[in-house]
>>> print(open('work_16.txt').read())   # compact mmCIF, C-alpha atoms
# COMPACT_ATOMS: atom_id res chain seq x y z
CA MET A 226 10.30 7.45 30.67
CA LYS A 227 6.84 7.86 29.11
CA ASN A 228 7.47 11.46 28.22
CA GLU A 229 10.80 10.50 26.72
CA MET A 230 9.27 7.69 24.68
CA ALA A 231 6.45 9.91 23.45
CA LYS A 232 8.95 12.01 21.50
CA LEU A 233 10.38 9.10 19.55
CA PRO A 234 10.12 8.85 15.78
CA LEU A 235 8.80 5.53 14.46
CA LEU A 236 8.44 3.60 11.22
CA PHE A 237 5.83 2.62 8.40
CA SER A 238 5.33 1.46 4.36
CA VAL A 239 4.86 -2.14 -1.34
CA ILE A 240 1.61 -1.91 -0.15
CA PHE A 241 3.21 -2.26 4.27
CA PHE A 242 1.94 -0.03 7.08
CA HIS A 243 3.68 0.03 10.42
CA VAL A 244 1.96 1.37 13.53
CA CYS A 245 3.92 1.90 16.77
CA PHE A 246 2.35 2.79 20.10
CA VAL A 247 3.95 5.68 21.95
CA GLU A 248 1.05 5.90 24.40
CA PRO A 249 -1.67 3.19 24.86
CA HIS A 250 -3.93 4.70 22.20
CA SER A 251 -1.52 6.90 20.28
CA PRO A 252 0.18 4.73 17.63
CA VAL A 253 2.02 6.10 14.62
CA ILE A 254 2.00 4.53 11.19
CA PHE A 255 4.76 3.25 8.93
CA GLY A 256 3.94 2.13 5.39
CA PHE A 257 5.53 -0.26 2.90
CA GLY A 258 4.09 -0.56 -0.57
CA ASP A 259 3.36 0.83 -3.99
CA SER A 260 1.26 3.65 -5.45
CA LEU A 261 -1.86 2.55 -3.57
CA ILE A 262 -0.27 4.14 -0.50
CA ASP A 263 2.58 6.32 -1.82
CA THR A 264 2.11 9.81 -0.36
CA GLY A 265 4.99 11.54 -2.10
CA ASN A 266 8.20 9.48 -2.18
CA ASN A 267 8.16 9.37 -5.99
CA ASN A 268 8.16 13.17 -6.04
CA VAL A 269 11.90 13.13 -5.37
CA LEU A 270 12.81 10.06 -7.42
CA LEU A 271 13.91 10.18 -11.06
CA THR A 272 10.92 8.27 -12.42
CA ALA A 273 8.22 8.77 -15.03
CA VAL A 274 5.62 7.57 -12.54
CA LYS A 275 4.64 10.63 -10.52
CA ALA A 276 1.52 12.23 -9.08
CA ASP A 277 2.90 15.64 -8.13
CA TYR A 278 0.80 17.53 -10.69
CA LEU A 279 -2.88 18.27 -11.24
CA PRO A 280 -5.39 16.71 -11.57
CA TYR A 281 -3.93 14.52 -8.79
CA GLY A 282 -4.87 16.04 -5.46
CA ILE A 283 -7.75 17.99 -7.00
CA ASP A 284 -9.70 17.62 -3.73
CA TYR A 285 -6.73 17.61 -1.35
CA VAL A 286 -6.89 20.50 1.11
CA VAL A 287 -3.83 22.02 2.78
CA ASP A 288 -3.81 24.62 5.56
CA ILE A 289 -1.54 27.46 4.46
CA PHE A 290 -1.24 30.31 6.96
CA GLY A 291 -4.70 29.57 8.28
CA PHE A 292 -6.33 29.34 4.86
CA ASN A 293 -7.66 26.02 3.49
CA ILE A 294 -6.29 25.71 -0.03
CA SER A 295 -7.69 22.90 -2.18
CA GLY A 296 -6.33 21.30 -5.32
CA ILE A 297 -2.85 20.56 -3.99
CA PRO A 298 -0.99 17.67 -5.70
CA THR A 299 1.02 15.88 -3.02
CA GLY A 300 2.19 12.74 -4.81
CA ARG A 301 -0.90 10.67 -4.04
CA PHE A 302 -2.19 8.82 -7.10
CA THR A 303 -5.83 9.78 -6.54
CA ASP A 304 -8.15 12.73 -6.04
CA ARG A 305 -7.54 13.17 -2.30
CA PHE A 306 -6.87 10.41 0.25
CA ASN A 307 -5.46 6.98 -0.56
CA LEU A 308 -5.58 3.72 1.36
CA ILE A 309 -3.06 4.62 4.05
CA ASP A 310 -4.61 8.05 4.62
CA LEU A 311 -7.99 6.47 5.26
CA LEU A 312 -6.57 3.76 7.46
CA ALA A 313 -4.98 6.49 9.58
CA LYS A 314 -8.22 8.49 9.56
CA TYR A 315 -10.37 5.65 10.87
CA ALA A 316 -7.71 4.76 13.44
CA ASN A 317 -7.63 8.42 14.59
CA LEU A 318 -3.93 8.67 13.73
CA PRO A 319 -1.92 11.14 11.63
CA SER A 320 -1.19 9.91 8.13
CA PRO A 321 2.54 9.16 7.93
CA PRO A 322 4.67 11.52 5.82
CA PRO A 323 6.80 10.13 2.97
CA TYR A 324 10.13 8.78 4.20
CA LEU A 325 12.05 10.82 1.62
CA SER A 326 10.82 14.06 3.19
CA LEU A 327 12.27 15.77 6.27
CA ASP A 328 9.22 14.79 8.32
CA GLY A 329 9.60 11.18 7.22
CA LEU A 330 13.29 11.10 8.06
CA PHE A 331 13.20 12.90 11.39
CA GLY A 332 9.55 13.44 12.39
CA ASP A 333 7.66 11.70 15.17
CA THR A 334 4.47 10.96 13.21
CA GLY A 335 5.67 7.79 11.50
CA ALA A 336 6.97 7.35 7.97
CA ASN A 337 5.70 6.03 4.66
CA PHE A 338 8.27 4.12 2.58
CA ALA A 339 5.94 3.25 -0.32
CA SER A 340 6.97 3.98 -3.89
CA GLY A 341 4.73 4.03 -6.95
CA SER A 342 5.46 1.52 -9.78
CA CYS A 343 7.53 -0.72 -7.46
CA GLY A 344 6.91 -4.28 -6.38
CA MET A 345 8.23 -7.29 -4.54
CA LEU A 346 10.69 -8.11 -7.31
CA ASN A 347 13.60 -5.71 -7.58
CA VAL A 348 13.26 -5.38 -11.35
CA THR A 349 9.59 -4.40 -11.28
CA GLY A 350 9.07 -0.75 -12.26
CA ALA A 351 12.66 -0.24 -13.38
CA GLU A 352 11.60 0.71 -16.91
CA PHE A 353 10.12 3.93 -15.52
CA GLY A 354 13.29 5.04 -13.73
CA ASP A 355 14.24 5.04 -10.06
CA CYS A 356 12.17 2.78 -7.88
CA SER A 357 12.27 2.08 -4.16
CA ASN A 358 11.35 -1.61 -4.25
CA PHE A 359 10.22 -3.73 -1.31
CA ASP A 360 13.77 -4.78 -0.43
CA GLN A 361 14.92 -1.16 -0.35
CA GLN A 362 11.94 -0.08 1.71
CA VAL A 363 12.75 -2.65 4.39
CA LYS A 364 16.36 -1.44 4.32
CA ASN A 365 15.12 2.13 4.81
CA PHE A 366 13.05 0.91 7.74
CA GLU A 367 16.14 -0.73 9.21
CA ASP A 368 18.08 2.53 8.90
CA LYS A 369 15.34 4.43 10.67
CA ARG A 370 15.13 1.71 13.32
CA ASP A 371 18.84 2.14 14.05
CA ILE A 372 18.16 5.81 14.76
CA MET A 373 15.10 5.06 16.87
CA VAL A 374 16.88 2.70 19.22
CA LEU A 375 19.26 5.46 20.29
CA SER A 376 16.35 7.23 21.98
CA PHE A 377 15.76 4.35 24.40
CA GLN A 378 17.65 3.75 27.61
CA ASN A 379 17.96 0.03 26.91
CA LEU A 380 17.38 -2.45 24.11
CA SER A 381 14.70 -4.34 26.02
CA ASP A 382 12.45 -1.28 26.23
CA PHE A 383 12.91 -0.60 22.55
CA GLU A 384 12.12 -4.18 21.52
CA ASN A 385 8.99 -4.17 23.65
CA TYR A 386 7.97 -0.88 22.09
CA LEU A 387 8.55 -2.12 18.54
CA SER A 388 6.62 -5.33 19.18
CA LYS A 389 3.51 -3.19 19.63
CA CYS A 390 3.86 -1.72 16.14
CA LEU A 391 1.62 -2.59 13.19
CA CYS A 392 3.08 -3.35 9.76
CA VAL A 393 0.68 -3.05 6.83
CA VAL A 394 1.78 -4.64 3.55
CA VAL A 395 0.33 -3.33 0.27
CA VAL A 396 2.56 -4.70 -2.47
CA GLY A 397 2.53 -6.92 -5.54
CA ASN A 398 0.09 -5.17 -7.86
CA ASN A 399 2.90 -3.91 -10.11
CA ASP A 400 4.57 -7.32 -10.17
CA TYR A 401 1.62 -8.36 -12.31
CA MET A 402 0.46 -5.18 -14.05
CA THR A 403 3.79 -3.72 -15.14
CA ASN A 404 5.79 -6.95 -15.06
CA TYR A 405 4.13 -10.33 -15.68
CA PHE A 406 1.23 -9.03 -17.79
CA SER A 407 3.29 -6.52 -19.79
CA ASN A 408 5.07 -6.99 -23.12
CA PHE A 409 8.14 -5.03 -22.08
CA PHE A 410 11.29 -6.93 -23.06
CA MET A 411 13.01 -6.59 -19.69
CA TYR A 412 10.38 -8.90 -18.18
CA ASP A 413 10.75 -11.66 -20.77
CA GLN A 414 12.58 -13.80 -18.19
CA PHE A 415 9.32 -14.23 -16.26
CA LYS A 416 7.27 -15.28 -19.30
CA ALA A 417 8.81 -18.74 -19.00
CA TYR A 418 6.86 -19.29 -15.78
CA ASN A 419 3.21 -20.25 -15.60
CA CYS A 420 0.90 -18.48 -13.13
CA THR A 421 1.58 -20.94 -10.33
CA GLN A 422 5.35 -20.79 -10.75
CA TYR A 423 5.32 -17.00 -10.83
CA ALA A 424 3.11 -16.87 -7.74
CA GLU A 425 5.63 -19.09 -5.94
CA ILE A 426 8.39 -16.58 -6.78
CA LEU A 427 6.34 -13.72 -5.34
CA ALA A 428 5.34 -15.74 -2.27
CA GLY A 429 9.02 -16.40 -1.64
CA ALA A 430 9.84 -12.69 -1.92
CA MET A 431 7.00 -11.80 0.43
CA THR A 432 8.10 -14.40 2.97
CA GLU A 433 11.69 -13.20 2.89
CA ASN A 434 10.75 -9.60 3.63
CA LEU A 435 8.22 -10.52 6.30
CA GLU A 436 10.96 -12.49 8.01
CA ARG A 437 13.31 -9.50 7.76
CA LEU A 438 10.73 -7.26 9.37
CA TYR A 439 10.08 -9.87 12.05
CA TYR A 440 13.76 -10.06 12.96
CA LEU A 441 13.84 -6.26 13.06
CA GLY A 442 11.20 -6.46 15.78
CA CYS A 443 7.86 -6.12 13.98
CA ARG A 444 5.06 -8.33 15.27
CA ARG A 445 1.72 -6.82 14.21
CA TYR A 446 0.71 -6.71 10.55
CA VAL A 447 -2.06 -5.74 8.17
CA ILE A 448 -1.29 -7.37 4.84
CA THR A 449 -3.29 -6.82 1.66
CA ASN A 450 -3.56 -9.29 -1.15
CA ILE A 451 -3.23 -8.17 -4.77
CA ALA A 452 -6.21 -6.39 -6.33
CA ALA A 453 -8.08 -7.68 -9.37
CA VAL A 454 -6.03 -5.53 -11.75
CA GLY A 455 -7.77 -7.16 -14.71
CA CYS A 456 -10.70 -4.88 -13.84
CA THR A 457 -8.82 -1.58 -14.11
CA PRO A 458 -9.66 0.70 -17.05
CA TYR A 459 -6.05 0.41 -18.24
CA GLU A 460 -6.04 -3.39 -18.42
CA ARG A 461 -9.56 -3.49 -19.84
CA ASP A 462 -8.52 -1.15 -22.63
CA GLN A 463 -5.34 -3.13 -23.34
CA SER A 464 -7.36 -6.34 -23.58
CA GLY A 465 -10.41 -4.94 -25.39
CA ILE A 466 -12.72 -5.81 -22.51
CA PRO A 467 -16.19 -4.14 -22.58
CA ALA A 468 -17.68 -2.06 -19.76
CA ASN A 469 -18.52 -3.87 -16.51
CA LYS A 470 -16.40 -6.82 -17.55
CA CYS A 471 -12.88 -7.80 -16.47
CA ASN A 472 -9.90 -9.67 -17.83
CA GLU A 473 -10.67 -12.81 -15.85
CA THR A 474 -7.59 -14.59 -17.18
CA GLN A 475 -5.45 -12.02 -15.39
CA ASN A 476 -7.61 -12.05 -12.27
CA SER A 477 -7.48 -15.84 -12.04
CA CYS A 478 -3.71 -15.73 -12.33
CA ILE A 479 -3.50 -13.23 -9.46
CA ALA A 480 -5.90 -15.34 -7.38
CA ILE A 481 -3.30 -18.12 -7.29
CA TYR A 482 -0.83 -15.83 -5.51
CA ASN A 483 -3.54 -14.53 -3.20
CA SER A 484 -4.34 -18.08 -2.13
CA MET A 485 -0.65 -18.77 -1.44
CA LEU A 486 -0.41 -15.56 0.56
CA LYS A 487 -3.30 -16.59 2.79
CA HIS A 488 -2.80 -20.33 3.11
CA GLN A 489 0.98 -20.59 2.95
CA VAL A 490 2.85 -17.35 3.61
CA ILE A 491 0.75 -15.92 6.45
CA ARG A 492 -0.14 -19.31 7.91
CA ASN A 493 3.51 -20.38 8.00
CA MET A 494 4.59 -17.10 9.55
CA LYS A 495 2.02 -17.57 12.30
CA SER A 496 3.14 -21.17 12.85
CA PHE A 497 6.89 -20.72 12.93
CA PHE A 498 7.42 -17.15 14.17
CA PRO A 499 6.15 -16.68 17.75
CA GLY A 500 4.11 -13.53 18.23
CA PHE A 501 3.52 -12.94 14.51
CA ASN A 502 0.03 -11.43 14.35
CA ALA A 503 -1.48 -10.53 10.97
CA ILE A 504 -4.76 -9.32 9.53
CA LEU A 505 -5.36 -10.04 5.84
CA MET A 506 -7.16 -7.31 3.87
CA ASP A 507 -8.78 -8.52 0.65
CA LEU A 508 -8.49 -6.05 -2.24
CA TRP A 509 -9.17 -8.58 -4.99
CA THR A 510 -12.83 -9.26 -4.22
CA PRO A 511 -14.20 -5.71 -3.71
CA VAL A 512 -12.34 -4.37 -6.76
CA ARG A 513 -13.72 -7.16 -8.93
CA ASP A 514 -17.26 -6.95 -7.52
CA CYS A 515 -17.48 -3.16 -7.83
CA ALA A 516 -15.98 -3.19 -11.32
CA ARG A 517 -18.58 -5.68 -12.52
CA HIS A 518 -21.48 -4.08 -10.66
CA PRO A 519 -20.57 -0.41 -10.13
CA SER A 520 -24.08 0.76 -9.24
CA ALA A 521 -24.20 -1.72 -6.36
CA CYS A 522 -21.16 0.05 -4.91
CA GLY A 523 -22.56 3.52 -5.48
CA PHE A 524 -20.62 4.31 -8.68
CA LYS A 525 -21.86 5.53 -12.03
CA THR A 526 -18.98 3.91 -13.90
CA SER A 527 -16.07 1.56 -13.30
CA SER A 528 -14.73 1.46 -16.85
CA VAL A 529 -14.03 5.14 -17.49
CA PRO A 530 -11.25 6.88 -15.52
CA CYS A 531 -11.86 10.34 -14.10
CA CYS A 532 -8.97 11.83 -16.10
CA GLY A 533 -7.33 11.39 -19.46
CA ILE A 534 -4.38 9.00 -19.19
CA PHE A 535 -0.83 8.55 -20.47
CA LEU A 536 0.36 5.24 -21.91
CA ASN A 537 1.38 4.07 -18.41
CA GLY A 538 -2.14 4.64 -17.05
CA THR A 539 -1.45 7.82 -15.05
CA CYS A 540 -3.32 11.11 -15.58
CA THR A 541 -2.26 13.45 -18.34
CA LEU A 542 -0.77 16.69 -17.10
CA LEU A 543 -3.28 19.38 -16.01
CA ASP A 544 -6.17 17.38 -17.44
CA LEU A 545 -9.61 18.55 -16.29
CA PRO A 546 -10.99 15.65 -14.22
CA CYS A 547 -14.59 14.50 -14.06
CA PRO A 548 -16.74 16.88 -11.98
CA ASN A 549 -18.14 14.20 -9.64
CA ARG A 550 -15.21 12.12 -8.46
CA SER A 551 -17.33 10.09 -6.03
CA ALA A 552 -19.30 8.67 -8.97
CA ASN A 553 -16.16 7.10 -10.49
CA MET A 554 -14.51 3.96 -9.21
CA PHE A 555 -11.15 4.84 -10.79
CA PHE A 556 -9.40 8.20 -10.83
CA ASP A 557 -6.85 7.29 -13.51
CA GLY A 558 -6.31 4.12 -15.51
CA VAL A 559 -5.16 2.01 -12.55
CA HIS A 560 -5.76 3.84 -9.25
CA PRO A 561 -9.07 4.03 -7.38
CA THR A 562 -10.75 7.23 -6.29
CA GLU A 563 -10.92 8.02 -2.59
CA SER A 564 -14.52 6.78 -2.65
CA MET A 565 -13.40 3.31 -3.71
CA TYR A 566 -10.60 3.17 -1.14
CA ASP A 567 -13.13 4.19 1.48
CA ILE A 568 -15.33 1.18 0.75
CA PHE A 569 -12.88 -1.47 1.87
CA VAL A 570 -11.03 0.52 4.54
CA LYS A 571 -14.19 1.64 6.33
CA ALA A 572 -15.59 -1.89 6.20
CA CYS A 573 -12.50 -3.22 7.95
CA PHE A 574 -13.17 -0.87 10.88
CA ASN A 575 -16.96 -1.12 10.96
CA GLU A 576 -16.98 -4.92 11.29
CA THR A 577 -19.40 -5.28 8.37
CA ASP A 578 -20.29 -8.72 7.07
CA PRO A 579 -18.81 -9.61 4.72
CA SER A 580 -15.68 -7.60 5.46
CA PRO A 581 -12.57 -7.34 3.29
CA CYS A 582 -10.55 -8.08 6.44
CA ASP A 583 -10.47 -11.44 8.20
CA ARG A 584 -11.02 -9.56 11.45
CA PRO A 585 -11.53 -5.87 12.38
CA ILE A 586 -8.37 -3.77 12.14
CA GLY A 587 -9.18 -2.16 15.47
CA THR A 588 -8.57 -5.47 17.23
CA ILE A 589 -4.89 -5.37 16.33
CA ILE A 590 -4.28 -1.62 16.59
CA TYR A 591 -5.79 -1.04 20.01
CA LYS A 592 -5.16 -4.40 21.64
>>> encode(input="work_16.txt", output="structure tokens")
Amino acid sequence: MKNEMAKLPLLFSVIFFHVCFVEPHSPVIFGFGDSLIDTGNNNVLLTAVKADYLPYGIDYVVDIFGFNISGIPTGRFTDRFNLIDLLAKYANLPSPPPYLSLDGLFGDTGANFASGSCGMLNVTGAEFGDCSNFDQQVKNFEDKRDIMVLSFQNLSDFENYLSKCLCVVVVGNNDYMTNYFSNFFMYDQFKAYNCTQYAEILAGAMTENLERLYYLGCRRYVITNIAAVGCTPYERDQSGIPANKCNETQNSCIAIYNSMLKHQVIRNMKSFFPGFNAILMDLWTPVRDCARHPSACGFKTSSVPCCGIFLNGTCTLLDLPCPNRSANMFFDGVHPTESMYDIFVKACFNETDPSPCDRPIGTIIYK
């Protein structure tokens, strides 16, 4: 039975990751989220938000016929590895392929459902074209789950297997950056809500999808809050904010949702859904701290992106990026460099104090 189970494909993805254990220490990852973890799903979608061209992937290395070829754009919105890649790296797991690839559909190394520009709300990101929002990503997970169960001899074995999987949620950044904080007319309906009311809408959407995943059999979660997007070069430029400063009005608005996520959404899930086990990863604090004090985080700058950017904050096509990517906090106008991702992911495995995670990720992956 073990050999049979070891061949099974599993699931992962708004900013969610999903890790399933085939053998005691051999989980696979499934991701749900946005461009912070998208590894190529947007490559095949009809959207203006893509990262399948240089300078994205400038440091990404691919083995082609035994030769290591660098500078390969894969659809990751950064110079090399993003958040999910690094999480997989520190967990000694393969990074999950995008769901909309053959490996993601049929492979046995997990799947990444994340889609750049998307959010918790179905309308978020729609102005850019096709978007696999959080609802659709969970539906894709359900479709893959229906295929997975066929590989088990009985439903009980499958449910036990799935209960050992880890879901990582990385979603909501675009619900503020491209939706609530934007001036695009299609989002005017949300301008009638104050920050608290809007946060309640997002908290409701998050709760609904966490419940869906729970009823599909998921029990273990890593959930990120929303980053301090008021510190990104794009939002600073839009607001006329000087270097090493942030749009604190935006950050304070986001903090209201983050508090609801921690004290209401996750707490209620733990209270009312037996076996629900979640780690909260804080993106808001390290992004804000490093943006305000870049040298303390090892960066030369936090206000200048590593590439020239389009109006939507992504890199201009074939732009020559900065020569020392590790010295920049941001690769484009909104996405961190690998070096910035590494700061909070590594800390969540190294048990540093203070840590962005409320407990080490290893305690939920290898338990």
>>> atom_distance(input="work_16.txt", atom1="atom CA of Gly587 of chain A", atom2="atom CA of Ser320 of chain A")
16.2 Å
>>> residues_around(input="work_16.txt", residues="Lys487 of chain A", least_positions_apart="3", cutoff="12 Å", atoms="only C-alpha atoms", output="PyMOL selection string")
chain A and resi 428+431-432+448-451+480-484+490-495+503-507+582-583
>>> residues_near_point(input="work_16.txt", point="(11.0, 9.7, -9.2)", cutoff="10 Å", atoms="all atoms listed in the file", output="PyMOL selection string")
chain A and resi 265-276+340-342+353-357
>>> closest_atom_pairs(input="work_16.txt", of="segment 325-416 of chain A", to="segment 454-469 of chain A", cutoff="9 Å", atoms="all atoms listed in the file", output="CSV")
residue,atom,partner,partner_atom,distance
A:Asn398,CA,A:Val454,CA,7.3
A:Tyr401,CA,A:Val454,CA,8.2
A:Met402,CA,A:Val454,CA,6.9
>>> residues_around(input="work_16.txt", residues="Leu325 of chain A", least_positions_apart="2", cutoff="12 Å", atoms="all atoms listed in the file", output="list in words")
Ser238, Asp263, Thr264, Gly265, Asn266, Asn267, Asn268, Val269, Leu270, Gly300, Pro321, Pro322, Pro323, Leu327, Asp328, Gly329, Leu330, Phe331, Gly332, Ala336, Asn337, Phe338, Ala339, Ser340, Ser357, Gln362, Asn365, Phe366 and Lys369 of chain A
>>> closest_residue(input="work_16.txt", among="A:Asn358, A:Asn385, A:Thr539, A:Thr526", to="Thr303 of chain A", atoms="all atoms listed in the file")
A:Thr539
>>> atom_distance(input="work_16.txt", atom1="atom CA of Thr541 of chain A", atom2="atom CA of Phe292 of chain A")
28.4 Å
>>> closest_residue(input="work_16.txt", among="A:Lys314, A:Lys470, A:Arg584, A:Lys571", to="Arg513 of chain A", atoms="all atoms listed in the file")
A:Lys470
>>> closest_residue(input="work_16.txt", among="A:Tyr281, A:Phe497, A:Phe524, A:Tyr439", to="Glu384 of chain A", atoms="all atoms listed in the file")
A:Tyr439
>>> atom_distance(input="work_16.txt", atom1="atom CA of Ile254 of chain A", atom2="atom CA of Arg444 of chain A")
13.8 Å
>>> closest_atom_pairs(input="work_16.txt", of="segment 365-427 of chain A", to="segment 530-538 of chain A", cutoff="12 Å", atoms="all atoms listed in the file", output="CSV")
residue,atom,partner,partner_atom,distance
A:Asn399,CA,A:Asn537,CA,11.6
A:Met402,CA,A:Asn537,CA,10.3
A:Thr403,CA,A:Asn537,CA,8.8
A:Ser407,CA,A:Asn537,CA,10.8
A:Phe409,CA,A:Asn537,CA,11.9
>>> write_last_selection(input="work_16.txt", atoms="C-alpha atoms", output="short mmCIF file (atom, residue, chain, number, x, y, z; two decimals), keeping the file's coordinate frame")
data_model
loop_
_atom_site.label_atom_id
_atom_site.label_comp_id
_atom_site.auth_asym_id
_atom_site.auth_seq_id
_atom_site.Cartn_x
_atom_site.Cartn_y
_atom_site.Cartn_z
CA ASN A 399 2.90 -3.91 -10.11
CA MET A 402 0.46 -5.18 -14.05
CA THR A 403 3.79 -3.72 -15.14
CA SER A 407 3.29 -6.52 -19.79
CA PHE A 409 8.14 -5.03 -22.08
#
